[in-house]
>>> print(open('work36.cif').read())   # mmCIF, C-alpha atoms
data_model
loop_
_atom_site.label_atom_id
_atom_site.label_comp_id
_atom_site.auth_asym_id
_atom_site.auth_seq_id
_atom_site.Cartn_x
_atom_site.Cartn_y
_atom_site.Cartn_z
CA MET W 11 21.09 90.72 112.00
CA THR W 12 21.61 87.38 110.35
CA GLU W 13 25.16 87.05 111.61
CA GLN W 14 25.43 84.24 114.13
CA LEU W 15 28.12 83.54 116.67
CA ASP W 16 29.37 80.02 116.82
CA PRO W 17 28.88 78.41 120.25
CA ALA W 18 32.60 78.32 121.07
CA ALA W 19 33.05 82.04 120.41
CA ARG W 20 29.91 82.74 122.39
CA THR W 21 31.10 80.75 125.39
CA GLY W 22 34.47 82.49 125.29
CA ILE W 23 32.96 85.97 125.25
CA VAL W 24 30.55 85.13 128.09
CA ARG W 25 33.33 83.59 130.18
CA ASP W 26 35.63 86.59 129.69
CA GLY W 27 32.82 89.02 130.49
CA LEU W 28 31.86 87.20 133.68
CA GLY W 29 35.49 87.04 134.77
CA VAL W 30 35.91 90.79 134.38
CA GLY W 31 32.55 91.30 136.07
CA ILE W 32 33.55 89.33 139.15
CA ALA W 33 36.98 90.93 139.45
CA THR W 34 35.65 94.46 139.01
CA GLY W 35 32.40 94.02 140.88
CA ALA W 36 34.22 92.78 143.95
CA TYR W 37 35.97 96.06 144.49
CA GLY W 38 32.60 97.64 145.05
CA THR W 39 33.22 96.55 148.65
CA SER W 40 36.05 99.06 148.88
CA PHE W 41 33.81 101.77 147.47
CA GLY W 42 31.04 100.95 149.95
CA ALA W 43 33.40 101.00 152.92
CA VAL W 44 35.20 104.18 151.81
CA SER W 45 31.94 105.99 151.08
CA VAL W 46 30.49 105.30 154.52
CA ALA W 47 33.82 106.27 156.07
CA ALA W 48 33.56 109.58 154.17
CA GLY W 49 30.29 110.31 155.92
CA LEU W 50 27.69 109.28 153.35
CA ASP W 51 24.94 106.98 154.61
CA VAL W 52 24.24 103.52 153.26
CA TRP W 53 21.40 104.78 151.05
CA GLN W 54 23.47 107.53 149.46
CA THR W 55 26.27 105.06 148.90
CA CYS W 56 23.98 102.54 147.19
CA VAL W 57 22.24 105.19 145.09
CA LEU W 58 25.66 106.31 143.82
CA SER W 59 26.47 102.79 142.65
CA LEU W 60 23.03 102.27 141.12
CA LEU W 61 22.62 105.65 139.46
CA MET W 62 26.11 106.94 138.72
CA PHE W 63 27.65 103.51 138.13
CA THR W 64 31.15 104.59 137.14
CA GLY W 65 33.77 103.81 139.75
CA ALA W 66 36.27 106.63 139.42
CA SER W 67 33.52 109.28 139.56
CA GLN W 68 31.97 107.62 142.61
CA PHE W 69 35.30 107.51 144.43
CA ALA W 70 35.89 111.14 143.45
CA LEU W 71 32.62 112.37 144.89
CA VAL W 72 33.09 110.61 148.23
CA GLY W 73 36.79 111.51 148.29
CA VAL W 74 36.04 115.22 148.03
CA VAL W 75 33.34 114.92 150.71
CA ALA W 76 35.78 113.00 152.92
CA SER W 77 38.35 115.78 152.68
CA GLY W 78 35.76 118.29 153.84
CA GLY W 79 34.94 119.71 150.44
CA ALA W 80 31.53 120.96 149.36
CA PRO W 81 29.45 118.08 147.98
CA MET W 82 28.93 120.11 144.80
CA SER W 83 32.72 120.29 144.23
CA GLY W 84 32.64 116.53 144.51
CA ALA W 85 29.78 116.34 142.02
CA LEU W 86 31.67 118.53 139.56
CA THR W 87 34.81 116.38 139.87
CA ALA W 88 32.69 113.26 139.32
CA LEU W 89 31.15 114.77 136.19
CA LEU W 90 34.55 115.75 134.78
CA LEU W 91 35.78 112.20 135.30
CA GLY W 92 32.55 110.95 133.72
CA THR W 93 33.36 112.69 130.43
CA ARG W 94 35.60 109.79 129.43
CA ASN W 95 32.49 107.61 129.24
CA THR W 96 31.22 109.97 126.54
CA LEU W 97 34.27 109.11 124.46
CA TYR W 98 33.71 105.41 125.10
CA GLY W 99 30.14 105.88 123.89
CA LEU W 100 31.37 107.50 120.68
CA ARG W 101 33.52 104.47 119.94
CA LEU W 102 30.81 102.00 120.93
CA ALA W 103 27.87 103.58 119.06
CA PRO W 104 28.68 102.26 115.55
CA LEU W 105 29.73 98.87 116.95
CA LEU W 106 26.62 98.25 119.03
CA GLY W 107 24.15 99.95 116.70
CA TYR W 108 21.48 100.39 119.37
CA VAL W 109 18.61 102.84 118.88
CA GLY W 110 15.62 103.99 120.94
CA TRP W 111 15.07 102.49 124.38
CA ARG W 112 17.80 99.93 123.88
CA ARG W 113 20.30 102.73 123.46
CA ALA W 114 18.95 104.51 126.55
CA ALA W 115 19.32 101.30 128.56
CA ALA W 116 22.72 100.39 127.12
CA ALA W 117 24.07 103.86 127.97
CA HIS W 118 23.94 103.03 131.67
CA LEU W 119 26.41 100.18 131.12
CA VAL W 120 29.01 102.29 129.27
CA ILE W 121 32.03 101.99 131.59
CA ASP W 122 35.74 101.19 131.22
CA GLU W 123 35.30 97.42 131.46
CA SER W 124 32.30 96.95 129.15
CA THR W 125 34.01 99.16 126.56
CA ALA W 126 37.26 97.23 126.77
CA MET W 127 35.42 93.92 126.38
CA SER W 128 33.51 94.97 123.26
CA VAL W 129 35.61 97.34 121.14
CA THR W 130 37.98 94.51 120.26
CA ARG W 131 35.21 92.28 118.83
CA GLU W 132 34.93 91.84 115.10
CA SER W 133 31.18 91.54 114.59
CA ARG W 134 28.16 93.35 115.99
CA PRO W 135 26.72 90.28 117.78
CA ALA W 136 30.08 89.63 119.42
CA ALA W 137 30.45 93.28 120.45
CA ARG W 138 26.93 93.36 121.87
CA LEU W 139 27.42 90.11 123.77
CA GLY W 140 30.72 91.26 125.26
CA PHE W 141 29.22 94.61 126.19
CA LEU W 142 26.05 93.25 127.78
CA VAL W 143 27.61 90.34 129.67
CA THR W 144 30.47 92.44 131.03
CA GLY W 145 28.36 95.51 131.78
CA GLY W 146 25.56 93.45 133.31
CA ALA W 147 27.88 91.35 135.47
CA VAL W 148 29.78 94.38 136.73
CA PHE W 149 26.51 96.22 137.45
CA LEU W 150 25.04 93.38 139.48
CA LEU W 151 28.16 92.58 141.47
CA TRP W 152 29.29 96.19 141.91
CA ASN W 153 25.95 97.05 143.51
CA LEU W 154 25.84 93.96 145.72
CA ALA W 155 29.43 94.54 146.81
CA THR W 156 28.73 98.23 147.49
CA LEU W 157 25.93 97.27 149.88
CA VAL W 158 28.14 94.72 151.65
CA GLY W 159 31.01 97.21 151.98
CA ALA W 160 28.70 100.00 153.18
CA LEU W 161 27.05 97.80 155.81
CA ALA W 162 30.45 96.57 156.98
CA GLY W 163 31.64 100.18 157.10
CA THR W 164 28.83 101.19 159.46
CA VAL W 165 29.72 98.62 162.12
CA ILE W 166 33.49 98.99 162.36
CA GLY W 167 33.71 102.29 164.25
CA ASP W 168 36.32 104.93 163.43
CA PRO W 169 37.43 104.31 159.84
CA ARG W 170 40.83 105.85 160.56
CA ASP W 171 41.66 102.97 162.90
CA TYR W 172 41.44 100.71 159.87
CA GLY W 173 43.39 103.01 157.58
CA LEU W 174 40.35 103.53 155.38
CA ASP W 175 41.26 107.18 154.89
CA ALA W 176 44.50 105.98 153.27
CA ALA W 177 42.54 103.50 151.15
CA VAL W 178 40.95 106.36 149.18
CA GLY W 179 44.32 107.58 147.92
CA ALA W 180 45.32 104.01 147.11
CA ALA W 181 42.11 103.51 145.12
CA PHE W 182 42.78 106.63 143.05
CA LEU W 183 46.38 105.59 142.47
CA ALA W 184 45.26 102.13 141.33
CA LEU W 185 42.82 103.72 138.88
CA LEU W 186 45.54 106.10 137.64
CA TRP W 187 48.33 103.50 137.37
CA PRO W 188 47.43 101.94 133.99
CA ARG W 189 47.19 105.42 132.46
CA LEU W 190 50.79 106.29 133.34
CA ASP W 191 52.02 104.48 130.25
CA THR W 192 53.29 107.52 128.33
CA THR W 193 55.71 110.27 129.25
CA ARG W 194 53.08 112.90 128.51
CA ASN W 195 50.62 111.31 130.94
CA ARG W 196 53.27 111.00 133.63
CA VAL W 197 54.24 114.65 133.25
CA VAL W 198 50.58 115.72 133.41
CA ALA W 199 50.01 113.53 136.48
CA VAL W 200 52.95 115.00 138.38
CA ALA W 201 52.04 118.56 137.37
CA ALA W 202 48.40 118.07 138.36
CA ALA W 203 49.36 116.62 141.74
CA ALA W 204 51.74 119.54 142.34
CA VAL W 205 49.12 122.12 141.35
CA ALA W 206 46.53 120.47 143.60
CA ILE W 207 48.89 120.40 146.58
CA GLY W 208 49.81 124.03 145.95
CA ALA W 209 46.13 124.98 145.89
CA VAL W 210 45.23 123.18 149.14
CA PRO W 211 46.18 126.06 151.49
CA LEU W 212 44.69 128.67 149.15
CA THR W 213 41.25 127.31 148.31
CA ALA W 214 38.30 125.52 149.87
CA ALA W 215 38.52 121.73 150.06
CA GLY W 216 37.48 120.11 146.81
CA VAL W 217 38.59 123.05 144.69
CA PRO W 218 42.28 121.99 144.31
CA VAL W 219 41.22 118.95 142.31
CA LEU W 220 39.17 121.09 139.95
CA VAL W 221 42.06 123.53 139.56
CA ALA W 222 44.27 120.60 138.60
CA ALA W 223 41.91 119.75 135.75
CA GLY W 224 43.25 122.95 134.20
CA VAL W 225 46.58 121.17 133.77
CA ALA W 226 44.88 118.67 131.47
CA LEU W 227 43.27 121.48 129.53
CA LEU W 228 46.56 123.32 129.17
CA ALA W 229 48.55 120.22 128.23
CA GLY W 230 45.93 119.20 125.68
CA VAL W 231 45.72 122.60 124.02
CA LEU W 232 49.43 123.40 124.11
CA ARG W 233 50.54 120.25 122.41
CA PRO W 234 54.29 120.08 122.25
CA ARG W 235 55.24 120.37 118.63
CA VAL W 236 56.47 117.08 117.33
CA GLN W 237 59.83 117.76 115.73
CA ARG W 238 59.92 115.99 112.44
CA PRO W 239 63.55 115.40 111.58
CA GLU W 240 64.36 116.74 108.16
CA VAL W 241 65.23 114.07 105.72
CA GLY W 242 68.89 114.51 104.88
CA PRO W 243 70.02 116.00 101.59
CA MET T 29 20.39 117.40 151.94
CA THR T 30 23.28 118.87 149.96
CA VAL T 31 24.95 115.46 149.84
CA TRP T 32 21.76 114.01 148.38
CA THR T 33 21.61 116.83 145.82
CA ALA T 34 25.22 116.19 144.80
CA VAL T 35 24.59 112.44 144.57
CA LEU T 36 21.53 112.88 142.37
CA VAL T 37 22.89 115.68 140.18
CA ALA T 38 26.20 113.91 139.55
CA GLY T 39 24.47 110.54 139.12
CA VAL T 40 22.03 111.76 136.50
CA GLY T 41 24.76 113.89 134.90
CA CYS T 42 27.12 110.91 134.57
CA TYR T 43 24.33 108.90 132.92
CA LEU T 44 23.64 111.71 130.46
CA LEU T 45 27.36 111.89 129.60
CA LYS T 46 27.26 108.18 128.73
CA LEU T 47 24.06 108.59 126.70
CA ALA T 48 25.52 111.57 124.85
CA GLY T 49 28.43 109.42 123.68
CA LEU T 50 26.09 106.82 122.22
CA SER T 51 23.83 109.47 120.68
CA VAL T 52 25.79 112.36 119.19
CA PRO T 53 27.40 112.03 115.78
CA ALA T 54 31.08 111.15 116.15
CA SER T 55 32.08 114.22 114.15
CA VAL T 56 30.98 116.56 116.96
CA LEU T 57 33.79 115.50 119.26
CA ASP T 58 36.15 114.23 116.63
CA ARG T 59 38.73 116.98 116.96
CA PRO T 60 42.32 116.31 118.00
CA VAL T 61 42.27 118.95 120.76
CA VAL T 62 39.05 117.60 122.27
CA ALA T 63 40.35 114.05 122.14
CA ARG T 64 43.65 115.02 123.78
CA VAL T 65 42.05 117.04 126.57
CA ALA T 66 39.46 114.31 127.22
CA ASP T 67 42.25 111.76 127.38
CA LEU T 68 44.24 113.85 129.86
CA ILE T 69 41.40 114.88 132.19
CA PRO T 70 41.20 111.53 134.02
CA VAL T 71 44.99 111.52 134.43
CA ALA T 72 45.07 115.03 135.92
CA LEU T 73 42.03 114.53 138.14
CA LEU T 74 43.10 111.15 139.50
CA ALA T 75 46.64 112.40 140.20
CA ALA T 76 45.23 115.47 141.97
CA LEU T 77 42.84 113.29 143.98
CA VAL T 78 45.71 111.04 145.07
CA ALA T 79 47.72 114.07 146.21
CA VAL T 80 44.88 115.78 148.06
CA GLN T 81 43.65 112.57 149.70
CA VAL T 82 47.08 111.68 150.98
CA VAL T 83 48.56 114.97 152.23
CA GLY T 84 45.55 117.27 152.43
CA ASP T 85 43.69 117.97 155.67
CA GLY T 86 41.19 120.74 155.18
CA ARG T 87 43.33 123.73 154.22
CA SER T 88 46.60 122.37 155.54
CA LEU T 89 49.11 119.81 154.36
CA VAL T 90 50.15 117.01 156.69
CA ALA T 91 52.40 113.99 156.38
CA ASP T 92 50.91 111.12 158.39
CA ALA T 93 50.13 107.41 158.14
CA ARG T 94 48.28 107.97 154.86
CA LEU T 95 51.64 108.62 153.20
CA VAL T 96 52.90 105.27 154.45
CA GLY T 97 49.72 103.68 153.10
CA LEU T 98 50.34 105.26 149.69
CA GLY T 99 53.88 103.89 149.70
CA ALA T 100 52.43 100.43 150.28
CA ALA T 101 50.02 100.97 147.39
CA VAL T 102 52.93 101.86 145.08
CA VAL T 103 54.79 98.70 146.05
CA LEU T 104 51.67 96.58 145.50
CA LEU T 105 51.02 98.19 142.11
CA VAL T 106 54.60 97.60 141.01
CA LEU T 107 54.10 93.96 142.02
CA ARG T 108 50.94 93.95 139.86
CA ALA T 109 48.62 93.18 142.76
CA PRO T 110 44.88 93.27 141.98
CA PHE T 111 42.85 96.38 142.83
CA LEU T 112 41.28 95.08 146.03
CA LEU T 113 44.62 93.99 147.43
CA VAL T 114 46.10 97.42 146.66
CA VAL T 115 43.26 99.26 148.39
CA PHE T 116 42.92 97.11 151.49
CA GLY T 117 46.67 96.40 151.71
CA SER T 118 47.29 100.14 151.77
CA ALA T 119 44.62 100.58 154.46
CA LEU T 120 46.18 97.82 156.55
CA VAL T 121 49.67 99.33 156.34
CA ALA T 122 48.32 102.78 157.23
CA ALA T 123 46.43 101.32 160.19
CA LEU T 124 49.57 99.56 161.41
CA ALA T 125 51.63 102.72 160.99
CA ARG T 126 49.05 104.63 163.04
CA LEU T 127 49.11 101.95 165.72
CA LEU T 128 52.88 102.13 166.02
CA THR T 129 53.23 105.91 166.16
#
>>> encode(input="work36.cif", output="structure tokens")
Amino acid sequence: MTEQLDPAARTGIVRDGLGVGIATGAYGTSFGAVSVAAGLDVWQTCVLSLLMFTGASQFALVGVVASGGAPMSGALTALLLGTRNTLYGLRLAPLLGYVGWRRAAAAHLVIDESTAMSVTRESRPAARLGFLVTGGAVFLLWNLATLVGALAGTVIGDPRDYGLDAAVGAAFLALLWPRLDTTRNRVVAVAAAAVAIGAVPLTAAGVPVLVAAGVALLAGVLRPRVQRPEVGP
Amino acid sequence: MTVWTAVLVAGVGCYLLKLAGLSVPASVLDRPVVARVADLIPVALLAALVAVQVVGDGRSLVADARLVGLGAAVVLLVLRAPFLLVVFGSALVAALARLLT
């Protein structure tokens, strides 16, 4: 580890990481408010942000509970969404090069934002700095904001009067939006939504979302054959 | 109690999924099918969650103010609004729609 970052590069990475941390952390308020509106208490809401610490999974768990689903269906949905962090970890492992307790600690910070802010770096010190600053800033602010949102959520009365039940769908759509960049993803999204809606009258709440995961499985396994045009004679 | 169980099980499970990524050799999951499915799972789940959150009500389907809220979210996303604005803007529009109906 003799590689050193020059001060300018260091400042840039820290500034970028803090910026992402503030922007992302702030929307912990929406999670806190939505979670309390779903019927979780302030403690459960804060433990989710501290322990699970991956936004989409947290929203998924409280979303399923809000729609009347079994909490365990919510947990399963959260875990399925959490599998993408495993893939992030695979990409980060050689870059960060952590072992032992450092790896165990770093694992908690493996989320979309910290991954995005470190996989583009060219050296290990730069990757580590981007990862730690971004992950640390998001963790701190996300948890503070969750508490603020949850406390606010407990004093406002019926969440439906404030449209907070609609906010859950908006949050999922905002998380989905950047992934709709390819035709394949758009087709899968529409098919999954259709399957889930079709399953609503047939299954217990929470199950339709899990059924829709089958669309991803099917689409991934049955890859449309890429037609390679024959080179002309 | 079951909510607490779900919170703890899913919380610890999500941590272990992160740790697994940093710990297992890349070759274990380095198969095209695994990569494709893993890439598509968030897309399918998030799309399904949007649908169920917006038109689901227990075992029935209803069109209410939530749909109006989702429309507002789409407009805000097209306008590249930041996450918080999308979420609370959508809530505000849904609340207004509820007030007016």
>>> atom_distance(input="work36.cif", atom1="atom CA of T:Phe116", atom2="atom CA of W:Tyr172")
9.2 Å
>>> resolve_selection(input="work36.cif", expression="the PyMOL selection byres ((chain T and resi 48) around 12)", output="VMD selection string")
(chain W and resid 92 to 103 113 to 114 116 to 118 120) or (chain T and resid 41 to 47 49 to 54 56 to 57)
>>> write_last_selection(input="work36.cif", atoms="C-alpha atoms", output="mmCIF file, keeping the file's coordinate frame")
data_model
loop_
_atom_site.group_PDB
_atom_site.id
_atom_site.type_symbol
_atom_site.label_atom_id
_atom_site.label_comp_id
_atom_site.auth_asym_id
_atom_site.auth_seq_id
_atom_site.Cartn_x
_atom_site.Cartn_y
_atom_site.Cartn_z
ATOM 1 C CA GLY W 92 32.550 110.950 133.720
ATOM 2 C CA THR W 93 33.360 112.690 130.430
ATOM 3 C CA ARG W 94 35.600 109.790 129.430
ATOM 4 C CA ASN W 95 32.490 107.610 129.240
ATOM 5 C CA THR W 96 31.220 109.970 126.540
ATOM 6 C CA LEU W 97 34.270 109.110 124.460
ATOM 7 C CA TYR W 98 33.710 105.410 125.100
ATOM 8 C CA GLY W 99 30.140 105.880 123.890
ATOM 9 C CA LEU W 100 31.370 107.500 120.680
ATOM 10 C CA ARG W 101 33.520 104.470 119.940
ATOM 11 C CA LEU W 102 30.810 102.000 120.930
ATOM 12 C CA ALA W 103 27.870 103.580 119.060
ATOM 13 C CA ARG W 113 20.300 102.730 123.460
ATOM 14 C CA ALA W 114 18.950 104.510 126.550
ATOM 15 C CA ALA W 116 22.720 100.390 127.120
ATOM 16 C CA ALA W 117 24.070 103.860 127.970
ATOM 17 C CA HIS W 118 23.940 103.030 131.670
ATOM 18 C CA VAL W 120 29.010 102.290 129.270
ATOM 19 C CA GLY T 41 24.760 113.890 134.900
ATOM 20 C CA CYS T 42 27.120 110.910 134.570
ATOM 21 C CA TYR T 43 24.330 108.900 132.920
ATOM 22 C CA LEU T 44 23.640 111.710 130.460
ATOM 23 C CA LEU T 45 27.360 111.890 129.600
ATOM 24 C CA LYS T 46 27.260 108.180 128.730
ATOM 25 C CA LEU T 47 24.060 108.590 126.700
ATOM 26 C CA GLY T 49 28.430 109.420 123.680
ATOM 27 C CA LEU T 50 26.090 106.820 122.220
ATOM 28 C CA SER T 51 23.830 109.470 120.680
ATOM 29 C CA VAL T 52 25.790 112.360 119.190
ATOM 30 C CA PRO T 53 27.400 112.030 115.780
ATOM 31 C CA ALA T 54 31.080 111.150 116.150
ATOM 32 C CA VAL T 56 30.980 116.560 116.960
ATOM 33 C CA LEU T 57 33.790 115.500 119.260
#
>>> closest_residue(input="work36.cif", among="W:Pro188, W:Gly159, W:Gly216, W:Gly224", to="T:Leu105", atoms="only C-alpha atoms")
W:Pro188
>>> residues_around(input="work36.cif", residues="stretch 83-90 of chain T", least_positions_apart="6", cutoff="10 Å", atoms="all atoms listed in the file", output="list in words")
Ala76, Ser77, Gly78, Gly79, Ala176, Gly179, Ala206, Ile207, Gly208, Ala209, Val210, Pro211, Leu212, Thr213, Ala214, Ala215, Gly216 and Pro218 of chain W; Leu77 of chain T
>>> resolve_selection(input="work36.cif", expression="the PyMOL selection byres ((chain W and resi 149) around 8)", output="JSON list (two decimals) with C-alpha atoms, in the frame of the given file")
[["chain", "number", "residue", "atom", "x", "y", "z"],
["W", 31, "GLY", "CA", 32.55, 91.30, 136.07],
["W", 35, "GLY", "CA", 32.40, 94.02, 140.88],
["W", 60, "LEU", "CA", 23.03, 102.27, 141.12],
["W", 63, "PHE", "CA", 27.65, 103.51, 138.13],
["W", 119, "LEU", "CA", 26.41, 100.18, 131.12],
["W", 145, "GLY", "CA", 28.36, 95.51, 131.78],
["W", 146, "GLY", "CA", 25.56, 93.45, 133.31],
["W", 147, "ALA", "CA", 27.88, 91.35, 135.47],
["W", 148, "VAL", "CA", 29.78, 94.38, 136.73],
["W", 150, "LEU", "CA", 25.04, 93.38, 139.48],
["W", 151, "LEU", "CA", 28.16, 92.58, 141.47],
["W", 152, "TRP", "CA", 29.29, 96.19, 141.91],
["W", 153, "ASN", "CA", 25.95, 97.05, 143.51]]
>>> closest_residue(input="work36.cif", among="W:Thr130, W:Tyr37, W:Ala19, W:Gly167", to="T:Pro110", atoms="all atoms listed in the file")
W:Tyr37
>>> atom_distance(input="work36.cif", atom1="atom CA of W:Val46", atom2="atom CA of T:Val40")
20.9 Å
>>> resolve_selection(input="work36.cif", expression="the PyMOL selection byres ((chain T and resi 112) around 10)", output="PyMOL selection string")
(chain W and resi 33-34+36-40+177+180-181+184) or (chain T and resi 109-111+113-118)
>>> closest_residue(input="work36.cif", among="W:Ala115, W:Val74, W:Ala204, W:Leu186", to="T:Leu68", atoms="all atoms listed in the file")
W:Leu186
>>> closest_residue(input="work36.cif", among="W:Phe69, W:Phe182, W:Phe141, W:Phe41", to="chain T", atoms="only C-alpha atoms")
W:Phe182
>>> axis_aligned_box(input="work36.cif", around="stretch 89-108 of chain T", padding_each_side="4 Å", output="JSON")
{"center_x": 51.5, "center_y": 106.9, "center_z": 149.1, "size_x": 14.5, "size_y": 33.9, "size_z": 26.5}
>>> residues_around(input="work36.cif", residues="W:Leu15", least_positions_apart="3", cutoff="10 Å", atoms="all atoms listed in the file", output="NGL selection string")
:W and (12 or 18-21 or 133-136 or 139)
>>> atom_distance(input="work36.cif", atom1="atom CA of T:Val82", atom2="atom CA of W:Val198")
18.4 Å
>>> closest_residue(input="work36.cif", among="T:Ala100, T:Ala75, T:Val31, T:Ala93", to="T:Ala125", atoms="all atoms listed in the file")
T:Ala93
>>> closest_residue(input="work36.cif", among="T:Val78, T:Val62, T:Ala91, T:Leu127", to="chain W", atoms="only C-alpha atoms")
T:Val78
>>> residues_near_point(input="work36.cif", point="(33.2, 101.1, 159.6)", cutoff="12 Å", atoms="all atoms listed in the file", output="ChimeraX atom specification")
/W:39-40,42-52,158-175
>>> write_last_selection(input="work36.cif", atoms="C-alpha atoms", output="short mmCIF file (atom, residue, chain, number, x, y, z; two decimals), in the frame of the given file")
data_model
loop_
_atom_site.label_atom_id
_atom_site.label_comp_id
_atom_site.auth_asym_id
_atom_site.auth_seq_id
_atom_site.Cartn_x
_atom_site.Cartn_y
_atom_site.Cartn_z
CA THR W 39 33.22 96.55 148.65
CA SER W 40 36.05 99.06 148.88
CA GLY W 42 31.04 100.95 149.95
CA ALA W 43 33.40 101.00 152.92
CA VAL W 44 35.20 104.18 151.81
CA SER W 45 31.94 105.99 151.08
CA VAL W 46 30.49 105.30 154.52
CA ALA W 47 33.82 106.27 156.07
CA ALA W 48 33.56 109.58 154.17
CA GLY W 49 30.29 110.31 155.92
CA LEU W 50 27.69 109.28 153.35
CA ASP W 51 24.94 106.98 154.61
CA VAL W 52 24.24 103.52 153.26
CA VAL W 158 28.14 94.72 151.65
CA GLY W 159 31.01 97.21 151.98
CA ALA W 160 28.70 100.00 153.18
CA LEU W 161 27.05 97.80 155.81
CA ALA W 162 30.45 96.57 156.98
CA GLY W 163 31.64 100.18 157.10
CA THR W 164 28.83 101.19 159.46
CA VAL W 165 29.72 98.62 162.12
CA ILE W 166 33.49 98.99 162.36
CA GLY W 167 33.71 102.29 164.25
CA ASP W 168 36.32 104.93 163.43
CA PRO W 169 37.43 104.31 159.84
CA ARG W 170 40.83 105.85 160.56
CA ASP W 171 41.66 102.97 162.90
CA TYR W 172 41.44 100.71 159.87
CA GLY W 173 43.39 103.01 157.58
CA LEU W 174 40.35 103.53 155.38
CA ASP W 175 41.26 107.18 154.89
#
>>> residues_near_point(input="work36.cif", point="(33.1, 89.4, 129.7)", cutoff="10 Å", atoms="all atoms listed in the file", output="list in words")
Thr21, Gly22, Ile23, Val24, Arg25, Asp26, Gly27, Leu28, Gly29, Val30, Gly31, Ile32, Glu123, Ser124, Ala126, Met127, Ser128, Leu139, Gly140, Phe141, Leu142, Val143, Thr144, Gly145, Gly146, Ala147 and Val148 of chain W
>>> write_last_selection(input="work36.cif", atoms="C-alpha atoms", output="PDB file, in the frame of the given file")
ATOM      1  CA  THR W  21      31.100  80.750 125.390  1.00  0.00           C
ATOM      2  CA  GLY W  22      34.470  82.490 125.290  1.00  0.00           C
ATOM      3  CA  ILE W  23      32.960  85.970 125.250  1.00  0.00           C
ATOM      4  CA  VAL W  24      30.550  85.130 128.090  1.00  0.00           C
ATOM      5  CA  ARG W  25      33.330  83.590 130.180  1.00  0.00           C
ATOM      6  CA  ASP W  26      35.630  86.590 129.690  1.00  0.00           C
ATOM      7  CA  GLY W  27      32.820  89.020 130.490  1.00  0.00           C
ATOM      8  CA  LEU W  28      31.860  87.200 133.680  1.00  0.00           C
ATOM      9  CA  GLY W  29      35.490  87.040 134.770  1.00  0.00           C
ATOM     10  CA  VAL W  30      35.910  90.790 134.380  1.00  0.00           C
ATOM     11  CA  GLY W  31      32.550  91.300 136.070  1.00  0.00           C
ATOM     12  CA  ILE W  32      33.550  89.330 139.150  1.00  0.00           C
ATOM     13  CA  GLU W 123      35.300  97.420 131.460  1.00  0.00           C
ATOM     14  CA  SER W 124      32.300  96.950 129.150  1.00  0.00           C
ATOM     15  CA  ALA W 126      37.260  97.230 126.770  1.00  0.00           C
ATOM     16  CA  MET W 127      35.420  93.920 126.380  1.00  0.00           C
ATOM     17  CA  SER W 128      33.510  94.970 123.260  1.00  0.00           C
ATOM     18  CA  LEU W 139      27.420  90.110 123.770  1.00  0.00           C
ATOM     19  CA  GLY W 140      30.720  91.260 125.260  1.00  0.00           C
ATOM     20  CA  PHE W 141      29.220  94.610 126.190  1.00  0.00           C
ATOM     21  CA  LEU W 142      26.050  93.250 127.780  1.00  0.00           C
ATOM     22  CA  VAL W 143      27.610  90.340 129.670  1.00  0.00           C
ATOM     23  CA  THR W 144      30.470  92.440 131.030  1.00  0.00           C
ATOM     24  CA  GLY W 145      28.360  95.510 131.780  1.00  0.00           C
ATOM     25  CA  GLY W 146      25.560  93.450 133.310  1.00  0.00           C
ATOM     26  CA  ALA W 147      27.880  91.350 135.470  1.00  0.00           C
ATOM     27  CA  VAL W 148      29.780  94.380 136.730  1.00  0.00           C
TER      28      VAL W 148
END
>>> residues_around(input="work36.cif", residues="T:Leu73", least_positions_apart="3", cutoff="7 Å", atoms="all atoms listed in the file", output="list of chain:residue names")
W:Val219, W:Ala222, W:Ala223, T:Ile69, T:Pro70, T:Ala76, T:Leu77
>>> decode(input="work36.cif", residues="stretch 41-66 of chain T", atoms="C-alpha atoms", output="short mmCIF file (atom, residue, chain, number, x, y, z; two decimals), in the first residue's frame")
data_model
loop_
_atom_site.label_atom_id
_atom_site.label_comp_id
_atom_site.auth_asym_id
_atom_site.auth_seq_id
_atom_site.Cartn_x
_atom_site.Cartn_y
_atom_site.Cartn_z
CA GLY T 41 -30.06 -11.81 5.61
CA CYS T 42 -29.43 -8.65 3.58
CA TYR T 43 -26.13 -8.13 5.43
CA LEU T 44 -25.07 -11.71 4.72
CA LEU T 45 -25.89 -11.23 1.02
CA LYS T 46 -23.55 -8.23 0.97
CA LEU T 47 -20.83 -10.12 2.85
CA ALA T 48 -21.16 -13.09 0.50
CA GLY T 49 -20.41 -10.84 -2.46
CA LEU T 50 -17.19 -9.60 -0.87
CA SER T 51 -16.20 -13.11 0.24
CA VAL T 52 -16.99 -15.74 -2.38
CA PRO T 53 -14.69 -16.25 -5.34
CA ALA T 54 -16.03 -14.39 -8.37
CA SER T 55 -16.11 -17.61 -10.39
CA VAL T 56 -18.99 -19.00 -8.29
CA LEU T 57 -21.49 -16.52 -9.66
CA ASP T 58 -19.71 -15.71 -12.86
CA ARG T 59 -22.17 -17.41 -15.19
CA PRO T 60 -24.11 -15.53 -17.85
CA VAL T 61 -27.48 -16.94 -16.73
CA VAL T 62 -26.88 -16.00 -13.09
CA ALA T 63 -25.75 -12.53 -14.06
CA ARG T 64 -28.79 -11.99 -16.30
CA VAL T 65 -31.31 -13.22 -13.74
CA ALA T 66 -29.66 -11.19 -10.97
#
